[in-house]
Amino acid sequence: MSDTALLIKNVDKFYGPIDHGVHAVRNVSMDVKKGEIIALLGSSGCGKTSTLRMVAGFEAVSRGTISLKGREVQTFAPVKRNVAMAFEGYSLYPPLTVKENIAFALKSSRLSQSVVEEKVAYIAKLLEIEDILGRYPSSISGGQQQRASLGRALIRDADLHLLDEPMGQLEPQLRAVLRGRIKHYIKERGLTAILVTHDQTEANALADRIAVMEGGQLQQFDTPQMIKERPANLFTGTFVGEPPMNVFEATVSASESAIAFGLNQGVKLEYAASDFSPAVRAELNKHQKVVVGIRPYAVRRSEGGVNARVSVNQWLGDQTHIAADFAGGSLVLVEHDRTDVAIGDTIAVRLDPASLHVFNGETGVAVSHGQELA
Amino acid sequence: METTSTLEKSLRFLALSLVVIFFMFPIFWIFLMSFQTNETILQIPPSIVFTPTLSNYAALITGKLTTSAGTLDIAFMRNLGNSVFLSVTSVALSLVLGVPAAYAFARHKFRGSEDIAFTLLSFRFAPPLLVLLPLTQYFQWLGLSDTYFGLIWVYQLICLPLILWIVRGYFEDISADVEYAYRIAGHSWFATFRKIALPLAGPGIAAAGLLAFIFAWNNFVFALVLASADKQPVTVGALAFVTSSGIQYGQIASAIVLSVTPTLALALYAQRYLVEGLSLGAVKG
């Protein structure tokens with residue numbers, strides 16, 4: 001048997017009649033290997049939860065196939081899929097205590113009472129809910145309910161663990177601690193997990209690969225590093241990364257020795273031809289309208305750069321965020337020291353060609369990342 | 001929290017007392033009447049000082065109604081038994097049919113589901129008298145008139161829509177994810193319905209059942225037209241107290257007291273569960 005835990009192939013989801021209802025998931029395909037943690041990242045209504053629920057079996061698949069461990073399951077009832085799920089709405093059973101709720105998930109596995117006790121105690125310690133095990137769901141806070149719900153999913157020995165916004169209600173400190181513990185727990189046991197989140201820090205911290213979704217379509221499915229360094233399109237580029245990537249519409253003009261990007265308000269970014277590889281130069285030559293992007297961390301202040309006028313200067317305790325009026329838009333740069341520039345000051349910035357992302361001006365598809373073609 | 005002044009408290013008490021007296025007085029008066037003879041009831045001016053008598057209750061229980069014109073046989077206890085039987089069986093049947101249907105309407109949107117649900121509700125729009133004439137004809141053809149079976153069937157018109165629509169609302173209030181969580185833990189659809197949906201909607205089902213019971217118990221026209229003396233419930237049986245020699249107020253009052261008792265007892269018993277259900281309502285996160 002292959003080591004593919006989950007294979008989603010050309011899946012569509014319509015709410016309402018096929019081809020006429022709301023098209024929530026559009027032709028999504030992805031594969032998840034055994035032992036991998038995948039994050040479905042996207043804004044509200046992007047289809048990530050619908051995808052998760054189709055895998056769980058709560059939503060019918062309109063088109064396409066879903067296979068778990070090599071067998072097609074899209075028509076199976078949830079009970080036959082051997083997946084565990086933590087729900088965004090917690091969904092604890094009101095008449096049962098937290099402990100009973102968690103232990104309940106093990107009922108069908110017919111483990112002995114002492115093993116169940118041991119497992120519940122372990123997971124409760126991991127999630128810091130030992131002190132509320134005897135309480136009822138209605139008497140504990142949202143964050144506690146969420147951890148109980150997460151515990152109920154993680155305690156199971158399922159083929160696939162589906163976690164829908166598992167930490168949305170937790171305080172930031174606790175979230176950071178639990179992220180590490182949960183990842184360790186999943187990896188230690190070789191579990192496979194799919195996590196739905198709109199929090200990219202969570203996705204980056206937990207996931208081996210991230211599936212970025214928007215408008216029901218899978219935009220990019222790659223490692224956190226690749227998504228950051230080589231965004232497949234303008235959406236991924238601007239959606240992932242904090243603060244977001246700076247983007248400006250531009251027209252390309254290339255000659256033998258130089259490449260220039262003409263931005264709005266007559267701002268010109270000029271580079272030597274040697275700053276780009278021949279392949280990138282050839283590709284850029286084919287485009288008239290492009291969008292150039294650069295991450296805030298890559299923008300440098302430098303003598304002889306292009307001028308920009310500072311509009312915001314914020315010291316966040318460990319880094320400075322400066323926003324400056326640039327080419328009819330706003331350019332954000334991040335520096336690691338406290339920066340002594342006042343609002344209204346003119347600064348000179350340099351957009352390093354090695355850090356420049358170029359996207360097709362019409363389709364948004366990536367053209368090049370620094371020296372390399374996309 | 002605001003502190004309420006003594007004046008406000010006493011005013012509130014007075015207002016509440018007035019409301020209670022207004023609503024409770026007829027019942028209280030009937031209760032007193034049931035212990036009086038026709039003569040003391042009809043004396044002018046009326047008095048609440050009288051020598052109580054159990055003769056009314058005795059007449060009802062023995063089935064011998066003594067009037068100035070002689071002794072009449074009445075079947076009050078049989079009527080009471082009919083009422084209990086008809087109401088309990090109708091509500092039980094409605095629950096068996098209505099609760100799963102309500103669950104289906106709440107959880108599954110299928111083609112025409114809203115139309116079917118609305119059609120069932122519309123049974124309650126129709127004026128019973130309009131339905132009765134054709135129904136009587138059909139029942140005579142089918143041999144269903146004057147049978148318990150036929151009456152219970154007709155009572156479904158009263159009970160089923162009520163239970164269906166009330167219970168449906170309760171099912172809709174339960175987060176579907178609670179059920180999904182149970183199903184994904186390895187349980188079938190039916191186990192989820194039994195172990196999760198039914199207990200969580202329990203108070204709603206109890207409330208709907210109680211309401212349906214009261215409606216069934218109080219029904220008059222269906223039983224009047226479709227049943228003969230030995231199948232009639234108390235509502236119809238009470239007509240027997242209008243005799244050729246006058247109206248037997250004392251017996252009517254005691255009949256009312258006796259016929260209210262089962263419903264009242266049921267309501268008081270169910271109240272505990274209804275309140276418990278409300279406090280358990282924190283289903284959603």
# chains A, B, ... in the order shown; residues from 1 in each chain; ligands from 1
$ residues_around --residues "Leu316 (chain A)" --least-positions-apart "6" --cutoff "12 Å" --atoms "only C-alpha atoms" --output "list in words"
Ile322, Val334, Glu335, His336, Asp337, Arg338 and Thr339 of chain A
$ write_last_selection --atoms "C-alpha atoms" --output "PDB file, in the first residue's frame"
ATOM      1  CA  ILE A 322       7.337  52.124   8.481  1.00  0.00           C
ATOM      2  CA  VAL A 334      10.195  46.449   8.496  1.00  0.00           C
ATOM      3  CA  GLU A 335      13.433  47.143  10.352  1.00  0.00           C
ATOM      4  CA  HIS A 336      14.717  45.475  13.434  1.00  0.00           C
ATOM      5  CA  ASP A 337      15.864  48.575  15.242  1.00  0.00           C
ATOM      6  CA  ARG A 338      13.992  51.565  16.435  1.00  0.00           C
ATOM      7  CA  THR A 339      14.127  53.899  13.456  1.00  0.00           C
TER       8      THR A 339
END
$ residues_around --residues "region 34-43 of chain B" --least-positions-apart "5" --cutoff "7 Å" --atoms "only C-alpha atoms" --output "number ranges by chain"
B: 52-54, 56, 248-251, 253-254
$ interface_residues --of "chain A" --to "chain B" --cutoff "9 Å" --atoms "only C-alpha atoms" --output "number ranges by chain"
A: 56-58, 77-95, 104-109, 137-138, 141-142, 145-146, 153, 156
$ write_last_selection --atoms "C-alpha atoms" --output "CSV table (one decimal), in the first residue's frame"
chain,number,residue,atom,x,y,z
A,56,ALA,CA,-15.3,13.8,7.0
A,57,GLY,CA,-18.4,12.8,5.1
A,58,PHE,CA,-20.8,15.4,6.4
A,77,ALA,CA,-21.0,7.3,5.8
A,78,PRO,CA,-18.7,9.1,8.3
A,79,VAL,CA,-18.7,6.0,10.5
A,80,LYS,CA,-16.9,4.0,7.8
A,81,ARG,CA,-14.1,6.5,7.2
A,82,ASN,CA,-12.2,6.2,10.4
A,83,VAL,CA,-11.5,9.9,10.7
A,84,ALA,CA,-11.5,12.1,13.8
A,85,MET,CA,-12.6,15.7,13.8
A,86,ALA,CA,-12.5,18.7,16.1
A,87,PHE,CA,-15.3,21.1,15.3
A,88,GLU,CA,-15.1,24.8,15.2
A,89,GLY,CA,-18.2,25.0,17.3
A,90,TYR,CA,-16.8,22.6,19.8
A,91,SER,CA,-19.9,20.4,19.7
A,92,LEU,CA,-19.5,18.8,23.1
A,93,TYR,CA,-22.3,16.6,24.3
A,94,PRO,CA,-24.1,18.8,26.9
A,95,PRO,CA,-25.2,16.0,29.3
A,104,PHE,CA,-16.5,9.0,24.7
A,105,ALA,CA,-14.5,9.1,21.5
A,106,LEU,CA,-12.8,5.9,22.6
A,107,LYS,CA,-16.0,4.0,23.3
A,108,SER,CA,-16.1,2.2,20.0
A,109,SER,CA,-12.5,1.2,20.2
A,137,PRO,CA,-19.6,22.0,28.9
A,138,SER,CA,-22.2,24.7,29.7
A,141,SER,CA,-15.4,29.0,28.9
A,142,GLY,CA,-15.2,28.9,25.1
A,145,GLN,CA,-14.6,23.9,25.4
A,146,GLN,CA,-12.5,24.2,22.4
A,153,ALA,CA,-10.4,14.4,18.4
A,156,ARG,CA,-8.6,8.8,18.8
$ closest_atom_pairs --of "region 203-240 of chain B" --to "region 89-98 of chain B" --cutoff "10 Å" --atoms "only C-alpha atoms" --output "JSON lines"
{"residue": "B:Ile205", "atom": "CA", "partner": "B:Leu95", "partner_atom": "CA", "distance": 8.1}
{"residue": "B:Ala206", "atom": "CA", "partner": "B:Leu95", "partner_atom": "CA", "distance": 9.7}
{"residue": "B:Ala208", "atom": "CA", "partner": "B:Leu95", "partner_atom": "CA", "distance": 9.0}
{"residue": "B:Gly209", "atom": "CA", "partner": "B:Val91", "partner_atom": "CA", "distance": 6.4}
{"residue": "B:Leu210", "atom": "CA", "partner": "B:Val91", "partner_atom": "CA", "distance": 8.5}
{"residue": "B:Leu211", "atom": "CA", "partner": "B:Val91", "partner_atom": "CA", "distance": 9.5}
{"residue": "B:Ala212", "atom": "CA", "partner": "B:Val91", "partner_atom": "CA", "distance": 6.4}
{"residue": "B:Phe213", "atom": "CA", "partner": "B:Val91", "partner_atom": "CA", "distance": 6.0}
{"residue": "B:Ile214", "atom": "CA", "partner": "B:Val91", "partner_atom": "CA", "distance": 9.7}
{"residue": "B:Phe215", "atom": "CA", "partner": "B:Val91", "partner_atom": "CA", "distance": 9.8}
{"residue": "B:Ala216", "atom": "CA", "partner": "B:Ser90", "partner_atom": "CA", "distance": 7.6}
{"residue": "B:Trp217", "atom": "CA", "partner": "B:Ser90", "partner_atom": "CA", "distance": 9.9}
$ atom_distance --atom1 "CA of Gln113 (chain A)" --atom2 "CA of Lys187 (chain A)"
25.8 Å
$ residues_around --residues "region 239-245 of chain B" --least-positions-apart "4" --cutoff "12 Å" --atoms "only C-alpha atoms" --output "number ranges by chain"
B: 38, 56, 59-60, 63-76, 79, 220, 224, 229, 232-235, 249-256
$ closest_residue --among "A:Asp275, A:Asp31, A:Glu165, A:Asp12" --to "Ser43 (chain A)" --atoms "only C-alpha atoms"
A:Glu165
$ select_by_dssp --residues "region 37-263 of chain B" --states "strand (DSSP E or B)" --output "ChimeraX atom specification"
/B:64-67,70-73,242-243,246-247
$ write_last_selection --atoms "C-alpha atoms" --output "short mmCIF file (atom, residue, chain, number, x, y, z; two decimals), in the first residue's frame"
data_model
loop_
_atom_site.label_atom_id
_atom_site.label_comp_id
_atom_site.auth_asym_id
_atom_site.auth_seq_id
_atom_site.Cartn_x
_atom_site.Cartn_y
_atom_site.Cartn_z
CA LYS B 64 -76.94 7.62 38.78
CA LEU B 65 -78.07 11.16 38.22
CA THR B 66 -81.02 12.05 40.45
CA THR B 67 -83.13 14.90 39.15
CA GLY B 70 -86.40 10.90 38.35
CA THR B 71 -83.14 9.02 38.06
CA LEU B 72 -81.01 9.14 34.92
CA ASP B 73 -78.13 6.87 33.94
CA VAL B 242 -78.42 19.30 30.37
CA THR B 243 -81.52 17.33 31.28
CA GLY B 246 -82.95 21.58 34.12
CA ILE B 247 -79.22 21.96 34.09
#
$ residues_around --residues "Trp165 (chain B)" --least-positions-apart "4" --cutoff "7 Å" --atoms "only C-alpha atoms" --output "list in words"
Ala102, Pro161 and Gly169 of chain B
$ residues_around --residues "Gly266 (chain A)" --least-positions-apart "4" --cutoff "10 Å" --atoms "only C-alpha atoms" --output "PyMOL selection string"
chain A and resi 262+327-328
$ write_last_selection --atoms "C-alpha atoms" --output "PDB file, in the first residue's frame"
ATOM      1  CA  GLY A 262       7.556  51.977 -14.611  1.00  0.00           C
ATOM      2  CA  ALA A 327       4.114  55.285  -6.461  1.00  0.00           C
ATOM      3  CA  GLY A 328       0.535  56.233  -5.639  1.00  0.00           C
TER       4      GLY A 328
END
